[in-house]
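Asker: File follows, my_file_18.tsv with TSV, C-alpha atoms and all ligand atoms:
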chain	number	residue	atom	x	y	z
A	1	MET	CA	0.00	0.00	0.00
A	2	VAL	CA	1.19	3.50	-0.70
A	3	GLY	CA	1.77	6.17	1.92
A	4	LYS	CA	-1.22	8.09	3.25
A	5	LYS	CA	-0.30	11.43	1.74
A	6	ASP	CA	0.50	10.42	-1.80
A	7	LYS	CA	-2.08	9.33	-4.32
A	8	PRO	CA	-1.33	6.03	-6.06
A	9	LEU	CA	-0.07	6.69	-9.58
A	10	PHE	CA	-1.74	4.46	-12.18
A	11	THR	CA	0.47	6.04	-14.81
A	12	PRO	CA	3.43	5.11	-17.01
A	13	GLY	CA	5.73	7.20	-14.78
A	14	PRO	CA	6.75	8.76	-12.55
A	15	LEU	CA	5.51	5.79	-10.57
A	16	THR	CA	4.54	5.10	-7.01
A	17	THR	CA	7.55	3.90	-5.04
A	18	SER	CA	7.81	2.24	-1.64
A	19	THR	CA	8.43	4.30	1.49
A	20	THR	CA	11.66	2.36	2.04
A	21	VAL	CA	12.94	3.27	-1.44
A	22	LYS	CA	12.26	6.94	-0.67
A	23	GLU	CA	13.87	6.61	2.76
A	24	ALA	CA	17.07	5.26	1.20
A	25	MET	CA	17.64	8.79	-0.13
A	26	LEU	CA	18.01	10.36	3.31
A	27	ARG	CA	21.78	10.46	3.04
A	28	ASP	CA	24.36	12.71	1.44
A	29	LEU	CA	27.18	10.72	-0.10
A	30	GLY	CA	30.01	12.31	-2.06
A	31	SER	CA	30.47	11.18	-5.62
A	32	ARG	CA	34.08	10.14	-4.90
A	33	ASP	CA	33.17	8.39	-1.69
A	34	GLY	CA	34.31	4.75	-1.69
A	35	GLU	CA	30.92	3.62	-0.38
A	36	PHE	CA	29.09	5.42	-3.18
A	37	ILE	CA	31.44	4.07	-5.84
A	38	GLY	CA	30.74	0.60	-4.42
A	39	VAL	CA	26.98	1.21	-4.73
A	40	VAL	CA	27.33	2.21	-8.39
A	41	LYS	CA	29.50	-0.81	-9.20
A	42	LYS	CA	27.03	-3.13	-7.54
A	43	ILE	CA	24.07	-1.57	-9.36
A	44	ARG	CA	25.80	-2.09	-12.70
A	45	GLY	CA	26.43	-5.75	-11.93
A	46	ARG	CA	22.90	-6.29	-10.64
A	47	LEU	CA	21.33	-4.78	-13.76
A	48	LEU	CA	23.22	-7.26	-15.91
A	49	LYS	CA	22.17	-10.05	-13.57
A	50	LEU	CA	18.53	-9.03	-14.01
A	51	ALA	CA	19.02	-9.54	-17.75
A	52	GLY	CA	20.66	-12.90	-17.06
A	53	VAL	CA	24.09	-11.83	-18.34
A	54	SER	CA	27.38	-10.65	-16.82
A	55	GLN	CA	30.51	-8.64	-17.58
A	56	SER	CA	32.46	-11.87	-17.99
A	57	GLN	CA	30.01	-12.85	-20.74
A	58	GLY	CA	30.77	-9.60	-22.58
A	59	TRP	CA	28.06	-7.24	-21.28
A	60	GLU	CA	28.24	-3.78	-19.75
A	61	ALA	CA	25.70	-1.67	-17.88
A	62	VAL	CA	26.22	2.05	-18.44
A	63	LEU	CA	24.29	4.49	-16.24
A	64	MET	CA	23.40	7.93	-17.63
A	65	GLN	CA	22.01	10.95	-15.78
A	66	GLY	CA	18.62	12.26	-16.83
A	67	SER	CA	15.27	10.72	-17.68
A	68	GLY	CA	14.96	7.67	-19.92
A	69	THR	CA	14.96	9.74	-23.10
A	70	PHE	CA	18.44	11.07	-22.24
A	71	ALA	CA	19.74	7.49	-22.08
A	72	ILE	CA	18.08	6.71	-25.42
A	73	GLU	CA	19.62	9.81	-26.99
A	74	SER	CA	22.97	8.94	-25.44
A	75	VAL	CA	22.96	5.52	-27.09
A	76	ILE	CA	21.63	6.63	-30.48
A	77	SER	CA	23.99	9.59	-30.73
A	78	SER	CA	26.97	7.54	-29.56
A	79	ILE	CA	26.70	4.35	-31.60
A	80	THR	CA	25.89	5.57	-35.11
A	81	PRO	CA	28.82	5.72	-37.54
A	82	PRO	CA	28.85	8.59	-40.06
A	83	GLU	CA	27.75	6.21	-42.82
A	84	GLY	CA	25.17	4.49	-40.59
A	85	LYS	CA	21.52	4.05	-41.52
A	86	TRP	CA	18.71	3.23	-39.11
A	87	LEU	CA	15.50	1.33	-39.63
A	88	VAL	CA	12.97	2.35	-36.98
A	89	VAL	CA	10.03	0.05	-36.37
A	90	ILE	CA	7.13	2.19	-35.20
A	91	ASN	CA	3.70	1.47	-33.77
A	92	GLY	CA	3.33	4.30	-31.29
A	93	ALA	CA	4.57	7.61	-29.94
A	94	TYR	CA	7.75	6.25	-28.37
A	95	GLY	CA	8.77	4.72	-31.69
A	96	GLU	CA	8.09	8.12	-33.28
A	97	ARG	CA	10.34	9.65	-30.61
A	98	LEU	CA	13.20	7.28	-31.56
A	99	LEU	CA	12.79	8.48	-35.14
A	100	LYS	CA	12.87	12.14	-34.05
A	101	ILE	CA	16.08	11.63	-32.10
A	102	ILE	CA	17.73	9.87	-35.04
A	103	GLU	CA	16.61	12.61	-37.43
A	104	ARG	CA	17.73	15.38	-35.07
A	105	HIS	CA	21.25	13.96	-35.19
A	106	GLY	CA	21.10	13.96	-38.97
A	107	PHE	CA	21.49	10.21	-39.36
A	108	ALA	CA	20.06	8.41	-42.38
A	109	VAL	CA	16.84	6.61	-41.45
A	110	ASP	CA	13.80	4.82	-42.80
A	111	ALA	CA	10.72	3.97	-40.77
A	112	ILE	CA	8.27	1.10	-40.96
A	113	ARG	CA	4.93	1.96	-39.43
A	114	ASN	CA	2.04	-0.11	-38.20
A	115	ALA	CA	-1.15	1.03	-36.53
A	116	GLU	CA	-0.88	1.64	-32.79
A	117	ASN	CA	-2.93	-1.47	-32.01
A	118	GLU	CA	-1.07	-3.70	-34.49
A	119	LEU	CA	2.19	-5.59	-34.16
A	120	PRO	CA	5.09	-4.69	-36.44
A	121	ASN	CA	5.08	-6.74	-39.60
A	122	ILE	CA	8.12	-9.04	-39.50
A	123	ALA	CA	7.92	-9.86	-43.22
A	124	SER	CA	8.11	-6.20	-44.19
A	125	ILE	CA	10.96	-5.62	-41.73
A	126	LYS	CA	12.83	-8.49	-43.39
A	127	SER	CA	12.15	-7.30	-46.92
A	128	THR	CA	13.13	-3.72	-46.07
A	129	LEU	CA	16.38	-4.88	-44.47
A	130	ALA	CA	17.04	-7.15	-47.46
A	131	LYS	CA	17.22	-4.06	-49.68
A	132	GLY	CA	20.52	-3.38	-47.90
A	133	GLY	CA	22.20	-0.24	-46.62
A	134	PHE	CA	20.90	-0.50	-43.06
A	135	THR	CA	23.33	-0.70	-40.15
A	136	HIS	CA	21.02	-0.29	-37.12
A	137	VAL	CA	17.47	-1.29	-36.17
A	138	ALA	CA	15.46	0.32	-33.36
A	139	VAL	CA	12.18	-0.68	-31.77
A	140	VAL	CA	10.22	-0.08	-28.58
A	141	HIS	CA	9.60	-3.14	-26.42
A	142	CYS	CA	6.35	-2.30	-24.63
A	143	GLU	CA	4.85	0.64	-26.59
A	144	THR	CA	3.60	2.56	-23.58
A	145	THR	CA	1.44	4.62	-25.95
A	146	SER	CA	-1.06	1.78	-26.14
A	147	GLY	CA	0.35	-1.00	-23.93
A	148	ILE	CA	1.05	-3.32	-26.86
A	149	MET	CA	3.99	-5.71	-26.37
A	150	ASN	CA	6.23	-5.86	-29.41
A	151	PRO	CA	7.92	-9.09	-30.60
A	152	VAL	CA	11.48	-8.06	-29.78
A	153	ALA	CA	12.90	-11.57	-30.30
A	154	ASP	CA	11.50	-11.90	-33.85
A	155	ILE	CA	12.68	-8.40	-34.76
A	156	GLY	CA	16.08	-9.28	-33.24
A	157	ALA	CA	16.32	-12.36	-35.45
A	158	ALA	CA	15.53	-10.31	-38.56
A	159	THR	CA	18.01	-7.61	-37.49
A	160	LYS	CA	20.82	-10.07	-36.93
A	161	ALA	CA	20.08	-11.93	-40.18
A	162	ALA	CA	20.70	-8.60	-41.90
A	163	GLY	CA	23.92	-8.03	-39.94
A	164	CYS	CA	22.62	-4.90	-38.15
A	165	VAL	CA	23.12	-3.54	-34.64
A	166	TYR	CA	19.94	-3.96	-32.58
A	167	PHE	CA	18.65	-1.24	-30.24
A	168	VAL	CA	15.59	-1.76	-28.01
A	169	ASP	CA	13.81	0.87	-25.92
A	170	SER	CA	12.70	-1.37	-23.08
A	171	MET	CA	11.92	1.60	-20.86
A	172	SER	CA	8.58	0.39	-19.54
A	173	ALA	CA	9.23	-3.36	-19.79
A	174	PHE	CA	12.66	-4.14	-18.34
A	175	GLY	CA	12.34	-5.52	-14.81
A	176	GLY	CA	8.61	-6.12	-15.07
A	177	VAL	CA	8.34	-8.49	-18.02
A	178	GLU	CA	9.90	-11.92	-18.33
A	179	PHE	CA	11.87	-12.35	-21.54
A	180	ASP	CA	14.99	-14.17	-22.61
A	181	PHE	CA	17.38	-11.27	-23.07
A	182	GLU	CA	20.06	-13.21	-24.91
A	183	ALA	CA	17.55	-14.87	-27.22
A	184	CYS	CA	16.39	-11.40	-28.31
A	185	GLN	CA	19.90	-10.68	-29.64
A	186	MET	CA	19.89	-7.05	-28.53
A	187	ASP	CA	23.12	-5.09	-28.66
A	188	PHE	CA	21.77	-2.13	-26.68
A	189	LEU	CA	18.77	-2.08	-24.35
A	190	VAL	CA	17.69	1.08	-22.56
A	191	SER	CA	15.48	1.50	-19.51
A	192	SER	CA	15.35	3.88	-16.55
A	193	ALA	CA	15.38	4.05	-12.78
A	194	ASN	CA	11.72	4.83	-12.20
A	195	LYS	CA	10.03	2.15	-14.23
A	196	CYS	CA	9.68	-1.52	-13.34
A	197	VAL	CA	12.67	-1.63	-10.99
A	198	GLN	CA	10.70	0.97	-8.99
A	199	GLY	CA	13.44	3.41	-8.11
A	200	VAL	CA	12.90	7.16	-8.28
A	201	PRO	CA	13.50	9.20	-11.47
A	202	GLY	CA	16.96	10.60	-12.21
A	203	PHE	CA	18.92	8.29	-14.47
A	204	GLY	CA	18.60	5.80	-17.27
A	205	PHE	CA	20.76	2.86	-18.14
A	206	ALA	CA	21.93	1.00	-21.20
A	207	LEU	CA	22.78	-2.68	-21.23
A	208	CYS	CA	25.41	-2.96	-23.93
A	209	ARG	CA	27.13	-5.81	-25.70
A	210	ARG	CA	30.73	-4.81	-24.97
A	211	ALA	CA	32.01	-5.60	-28.46
A	212	ALA	CA	29.28	-3.40	-29.99
A	213	LEU	CA	30.07	-0.60	-27.53
A	214	GLU	CA	33.81	-0.76	-28.14
A	215	ALA	CA	33.20	-0.59	-31.88
A	216	THR	CA	31.75	2.96	-31.49
A	217	GLU	CA	35.05	4.79	-30.91
A	218	GLY	CA	34.83	8.31	-32.33
A	219	TYR	CA	31.10	8.19	-33.15
A	220	SER	CA	29.65	10.22	-30.28
A	221	ARG	CA	27.98	13.46	-31.40
A	222	THR	CA	27.63	15.01	-27.96
A	223	PHE	CA	29.94	15.69	-25.07
A	224	SER	CA	27.80	14.94	-22.03
A	225	LEU	CA	25.84	12.01	-23.50
A	226	ASP	CA	28.94	10.20	-24.79
A	227	LEU	CA	28.14	6.57	-23.96
A	228	LEU	CA	31.63	5.19	-24.54
A	229	ALA	CA	33.23	7.91	-22.40
A	230	GLN	CA	30.63	7.34	-19.67
A	231	TRP	CA	31.41	3.61	-19.70
A	232	ARG	CA	35.14	4.26	-19.60
A	233	GLY	CA	34.65	6.60	-16.64
A	234	LEU	CA	32.59	4.06	-14.76
A	235	GLU	CA	35.09	1.32	-15.54
A	236	GLY	CA	38.13	3.50	-14.89
A	237	ASN	CA	37.66	5.21	-11.53
A	238	GLY	CA	34.13	3.93	-10.90
A	239	GLN	CA	32.71	7.45	-11.13
A	240	PHE	CA	30.25	9.28	-13.32
A	241	ARG	CA	31.92	11.89	-15.52
A	242	PHE	CA	29.65	14.64	-14.16
A	243	THR	CA	27.65	15.02	-10.94
A	244	PRO	CA	25.78	11.78	-10.38
A	245	PRO	CA	22.23	11.63	-9.01
A	246	THR	CA	23.56	10.22	-5.72
A	247	HIS	CA	20.23	10.05	-3.91
A	248	THR	CA	18.51	8.42	-6.88
A	249	LEU	CA	21.26	5.80	-7.02
A	250	LEU	CA	20.86	5.02	-3.32
A	251	ALA	CA	17.12	4.64	-3.85
A	252	PHE	CA	17.76	2.43	-6.86
A	253	ALA	CA	20.08	0.13	-4.87
A	254	ARG	CA	17.25	-0.27	-2.35
A	255	ALA	CA	14.73	-0.81	-5.17
A	256	LEU	CA	16.91	-3.62	-6.53
A	257	ASP	CA	16.92	-5.22	-3.06
A	258	GLU	CA	13.14	-4.98	-3.03
A	259	LEU	CA	12.83	-6.47	-6.49
A	260	GLU	CA	15.02	-9.37	-5.39
A	261	GLY	CA	13.04	-9.68	-2.13
A	262	GLU	CA	9.79	-9.86	-4.06
A	263	GLY	CA	11.13	-12.85	-5.99
A	264	GLY	CA	12.81	-11.17	-8.95
A	265	ILE	CA	11.30	-10.41	-12.33
A	266	PRO	CA	8.94	-13.47	-12.40
A	267	ALA	CA	7.26	-12.37	-9.15
A	268	ARG	CA	7.11	-8.73	-10.13
A	269	ALA	CA	5.69	-9.60	-13.53
A	270	ALA	CA	3.09	-11.79	-11.80
A	271	ARG	CA	2.03	-8.89	-9.55
A	272	TYR	CA	1.76	-6.51	-12.49
A	273	ARG	CA	-0.14	-9.14	-14.48
A	274	LYS	CA	-2.59	-9.50	-11.60
A	275	ASN	CA	-3.02	-5.71	-11.42
A	276	HIS	CA	-3.64	-5.67	-15.15
A	277	GLU	CA	-6.07	-8.60	-15.17
A	278	SER	CA	-8.18	-7.37	-12.29
A	279	CYS	CA	-8.26	-3.88	-13.78
A	280	VAL	CA	-9.41	-5.15	-17.18
A	281	THR	CA	-11.98	-7.50	-15.63
A	282	GLY	CA	-13.40	-4.68	-13.50
A	283	MET	CA	-13.39	-2.15	-16.34
A	284	ARG	CA	-15.09	-4.58	-18.74
A	285	ALA	CA	-17.73	-5.28	-16.11
A	286	MET	CA	-18.47	-1.55	-16.12
A	287	GLY	CA	-18.69	-1.51	-19.92
A	288	PHE	CA	-15.28	-0.13	-20.85
A	289	THR	CA	-13.28	-1.75	-23.64
A	290	GLU	CA	-9.57	-1.91	-24.34
A	291	TYR	CA	-7.96	-0.37	-27.41
A	292	VAL	CA	-5.49	-3.22	-27.97
A	293	SER	CA	-6.78	-6.76	-28.44
A	294	GLU	CA	-6.15	-9.14	-25.56
A	295	ASP	CA	-3.58	-11.30	-27.37
A	296	LEU	CA	-1.33	-8.31	-28.15
A	297	GLN	CA	-1.78	-6.44	-24.88
A	298	GLY	CA	0.99	-6.45	-22.28
A	299	HIS	CA	0.51	-6.13	-18.52
A	300	ILE	CA	2.30	-2.78	-18.12
A	301	ILE	CA	-0.40	-0.29	-19.07
A	302	THR	CA	-3.83	-0.50	-20.69
A	303	SER	CA	-5.52	1.98	-23.01
A	304	PHE	CA	-9.30	2.12	-22.62
A	305	VAL	CA	-11.47	3.60	-25.35
A	306	TYR	CA	-13.70	6.53	-24.34
A	307	PRO	CA	-17.03	4.90	-23.48
A	308	THR	CA	-19.11	7.51	-25.32
A	309	GLU	CA	-18.44	10.09	-28.00
A	310	ASP	CA	-19.03	12.98	-25.63
A	311	PHE	CA	-17.03	11.42	-22.76
A	312	ASP	CA	-15.41	14.22	-20.77
A	313	PHE	CA	-12.02	12.80	-19.81
A	314	GLU	CA	-10.98	15.96	-17.92
A	315	GLU	CA	-13.99	15.65	-15.64
A	316	PHE	CA	-13.42	11.90	-15.22
A	317	TYR	CA	-9.75	12.54	-14.39
A	318	ASP	CA	-10.50	15.37	-11.96
A	319	ARG	CA	-13.18	13.43	-10.13
A	320	LEU	CA	-10.87	10.42	-9.76
A	321	ASN	CA	-8.07	12.71	-8.66
A	322	ASP	CA	-10.35	14.24	-6.01
A	323	LYS	CA	-11.00	10.74	-4.73
A	324	GLY	CA	-7.23	10.17	-4.54
A	325	PHE	CA	-6.39	8.27	-7.74
A	326	VAL	CA	-4.19	9.38	-10.60
A	327	ILE	CA	-4.73	7.88	-14.05
A	328	TYR	CA	-3.32	9.07	-17.38
A	329	PRO	CA	-4.58	10.61	-20.61
A	330	GLY	CA	-4.37	8.62	-23.81
A	331	LYS	CA	-1.51	8.91	-26.26
A	332	VAL	CA	-2.78	6.94	-29.26
A	333	THR	CA	-3.52	9.11	-32.26
A	334	LYS	CA	-6.35	7.25	-33.99
A	335	ALA	CA	-8.78	6.75	-31.10
A	336	ASN	CA	-9.90	8.61	-28.00
A	337	CYS	CA	-8.46	6.67	-25.09
A	338	PHE	CA	-7.27	7.06	-21.53
A	339	ARG	CA	-4.66	4.90	-19.85
A	340	ILE	CA	-4.36	3.01	-16.59
A	341	GLY	CA	-0.88	1.87	-15.59
A	342	HIS	CA	-0.26	-1.32	-13.63
A	343	ILE	CA	3.39	-0.86	-12.64
A	344	GLY	CA	5.09	0.65	-9.61
A	345	HIS	CA	4.48	-0.11	-5.95
A	346	LEU	CA	0.82	-0.97	-6.54
A	347	PHE	CA	-1.00	-4.07	-5.43
A	348	ALA	CA	-4.30	-5.87	-6.00
A	349	GLU	CA	-6.01	-3.84	-3.28
A	350	ASP	CA	-4.94	-0.57	-4.93
A	351	THR	CA	-6.48	-1.74	-8.20
A	352	GLU	CA	-9.69	-2.74	-6.41
A	353	MET	CA	-9.89	0.70	-4.76
A	354	LEU	CA	-9.34	2.39	-8.12
A	355	LEU	CA	-12.13	0.31	-9.66
A	356	SER	CA	-14.55	1.29	-6.88
A	357	ALA	CA	-13.64	4.94	-7.40
A	358	ILE	CA	-14.21	4.60	-11.16
A	359	ARG	CA	-17.59	2.98	-10.49
A	360	GLU	CA	-18.55	5.93	-8.27
A	361	VAL	CA	-17.30	8.49	-10.79
A	362	ALA	CA	-19.14	6.76	-13.63
A	363	GLY	CA	-22.32	7.03	-11.52
A	364	GLU	CA	-21.69	10.68	-10.66
A	365	MET	CA	-21.13	11.52	-14.32
A	366	GLY	CA	-24.19	9.56	-15.38
A	367	LEU	CA	-22.16	7.53	-17.87
A	368	SER	CA	-24.46	5.14	-19.66
A	369	LEU	CA	-22.16	2.13	-19.83
A	370	ALA	CA	-23.18	-1.38	-20.90
A	401	LIG	C1	8.74	3.14	-24.06
A	401	LIG	C2	9.19	4.46	-23.48
A	401	LIG	N1	10.22	5.08	-24.05
A	401	LIG	C3	10.66	6.26	-23.59
A	401	LIG	C4	10.06	6.87	-22.51
A	401	LIG	C5	10.56	8.18	-22.05
A	401	LIG	O1	11.10	8.13	-20.79
A	401	LIG	P1	11.32	9.48	-19.97
A	401	LIG	O2	9.99	10.15	-19.85
A	401	LIG	O3	11.86	8.96	-18.66
A	401	LIG	O4	12.31	10.29	-20.71
A	401	LIG	C6	8.96	6.26	-21.89
A	401	LIG	C7	8.28	6.88	-20.76
A	401	LIG	O5	7.27	6.44	-20.28
A	401	LIG	C8	8.52	5.01	-22.39
A	401	LIG	O6	7.46	4.39	-21.85
Step by step, read the file and then write its structure as structure tokens.
Ligand SMILES: Cc1ncc(COP(=O)(O)O)c(C=O)c1O
Answerer:
Amino acid sequence: MVGKKDKPLFTPGPLTTSTTVKEAMLRDLGSRDGEFIGVVKKIRGRLLKLAGVSQSQGWEAVLMQGSGTFAIESVISSITPPEGKWLVVINGAYGERLLKIIERHGFAVDAIRNAENELPNIASIKSTLAKGGFTHVAVVHCETTSGIMNPVADIGAATKAAGCVYFVDSMSAFGGVEFDFEACQMDFLVSSANKCVQGVPGFGFALCRRAALEATEGYSRTFSLDLLAQWRGLEGNGQFRFTPPTHTLLAFARALDELEGEGGIPARAARYRKNHESCVTGMRAMGFTEYVSEDLQGHIITSFVYPTEDFDFEEFYDRLNDKGFVIYPGKVTKANCFRIGHIGHLFAEDTEMLLSAIREVAGEMGLSLA
């Protein structure tokens, strides 16, 4: 259960965190302090362990200050050779964001688009890659726009068959979804502190195949987001190159303890799945429907279609907020939706309380649901 003062956040982030994660920040450690350097080193090892890999197997975890997008931009702007060309697989706003970042850096790029409630088409990815000229492929794992879960292993197989570097934005999935990391053949995966590991916001991280990272010498287009330099700093003296988010890192170390204590990714995924299932069951019983079909939908976040054409989401949101629950507006472009997130320090009872509040609000607003 969340603390009394804070409303539970049924959002894609920032997320509700445990009191103990927040309490872990009540210290001031210097960035050169041996204890702090030890915390950072341990976090890097534990992130690899969560993915089921290790440094000795050729993997590196690089931490980068900022929100998740900064880590994405760090990787994209650091790993693209001057003659590189990206293929971006898009079925939502976060895929579009990857494209924008690539374009902003002036890299060559093509995009393959599918509707926001459709999976990427593997055959067209393969045929596009077969035309040649591509060096890198990027896709979003769980498209938080809709909640759809993309087939990162199949896209990985197509990417590798074409000899390309594979980048996955696993921001909202890593730590909360079971998947065989190595089988997906990713070279770079990005996520952030305040998603499924349930730390507080402040940094992102990239899990990098060391050989792919080392091959990027001289490619970085920015000074502060230079991934290779950041890795070398962390490996060299164990420090960030610039002021680290010390408190966030302490909270993250605690969040990793709590993830392990819960039973690791399988247990966390099971809790999120339960949150998702009870939410969908309750919402359907009230007459709401999901935007993404059940077989494609992940358990991270769900988009619900507006129940009526004149549905006033602002009023719905405000009334729920007044009752102490925070949900999220929609982000899909082709339908009017709102979103309910299932991740963070939220449990079955929180979902049940949200559903009761939604029932009350639906009554207050006179929504004529099924
Ligand atoms: C898939 C995905 N990519 C990128 C981001 C952006 O992360 P941030 O807002 O931390 O920059 C998010 C945030 O929810 C996300 O879900």
Asker: Extract, using only C-alpha atoms, all DNA, RNA and protein residues at most 9 Å from region 76-81 of chain A, discarding same-chain residues fewer than 6 positions from it, and format them as a VMD selection string.
Answerer: chain A and resid 98 101 to 102 105 107 135 to 136 167 212 to 213 215 to 222 225 to 228
Asker: Which residues are close to Ala157 (chain A), i.e. within 10 Å by all atoms listed in the file, leaving aside same-chain residues fewer than 5 positions away? Reply as a list in words.
Answerer: Ile122, Lys126, Val152, Ala162, Gly163, Tyr166, Ala183, Cys184, Gln185 and Met186 of chain A
Asker: Residues of the last selection are to be written out with C-alpha atoms, as a tab-separated table (two decimals), keeping the file's coordinate frame.
Answerer:
chain	number	residue	atom	x	y	z
A	122	ILE	CA	8.12	-9.04	-39.50
A	126	LYS	CA	12.83	-8.49	-43.39
A	152	VAL	CA	11.48	-8.06	-29.78
A	162	ALA	CA	20.70	-8.60	-41.90
A	163	GLY	CA	23.92	-8.03	-39.94
A	166	TYR	CA	19.94	-3.96	-32.58
A	183	ALA	CA	17.55	-14.87	-27.22
A	184	CYS	CA	16.39	-11.40	-28.31
A	185	GLN	CA	19.90	-10.68	-29.64
A	186	MET	CA	19.89	-7.05	-28.53
Asker: Using all atoms listed in the file, what does the table of chain A residues within 7 Å of ligand LIG 401 (chain A) look like, with each row giving the shortest atom pair and its distance in Å to one decimal, sorted by chain and ascending number, as a tab-separated table?
Answerer:
residue	atom	partner	partner_atom	distance
A:Pro12	CA	A:LIG401	O5	5.2
A:Gly13	CA	A:LIG401	O5	5.8
A:Ser67	CA	A:LIG401	O3	4.0
A:Gly68	CA	A:LIG401	O3	3.6
A:Thr69	CA	A:LIG401	O4	3.6
A:Phe70	CA	A:LIG401	O4	6.4
A:Tyr94	CA	A:LIG401	N1	5.1
A:Val140	CA	A:LIG401	C1	5.7
A:His141	CA	A:LIG401	C1	6.8
A:Cys142	CA	A:LIG401	C1	6.0
A:Glu143	CA	A:LIG401	C1	5.3
A:Thr144	CA	A:LIG401	O6	4.6
A:Asp169	CA	A:LIG401	N1	5.8
A:Ser170	CA	A:LIG401	C1	6.1
A:Met171	CA	A:LIG401	C2	4.7
A:Ser172	CA	A:LIG401	O6	4.8
A:Ser192	CA	A:LIG401	O3	6.5
Asker: List as a list in words the protein and nucleic acid residues near Lys331 (chain A), meaning an atom at most 12 Å away when all atoms listed in the file are counted, but skip any in the same chain fewer than 3 places from it.
Answerer: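 Near Lys331 (chain A), the qualifying residues are Thr11, Pro12, Asn91, Gly92, Ala93, Tyr94, Glu96, Glu116, Asn117, Glu143, Thr144, Thr145, Ser146, Gly147, Tyr291, Ile301, Thr302, Ser303, Phe304, Val305, Tyr328, Lys334, Ala335, Asn336, Cys337, Phe338, Arg339 and Ile340 of chain A.
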Asker: List the spatial neighbours of Lys7 (chain A) as a list in words - criterion: any atom at most 12 Å away, only C-alpha atoms, same-chain residues fewer than 2 positions off excluded.
Answerer: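 Contacts, in chain order: Met1, Val2, Gly3, Lys4, Lys5, Leu9, Phe10, Thr11, Leu15, Thr16, Thr17, Leu320, Asn321, Asp322, Lys323, Gly324, Phe325, Val326, Ile327, His345, Leu346, Asp350, Met353 and Leu354 of chain A.
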Asker: In Å, rounded to a single decimal, give me how far CA of Arg27 (chain A) is from CA of His247 (chain A).
Answerer: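 These two atoms are separated by 7.1 Å.
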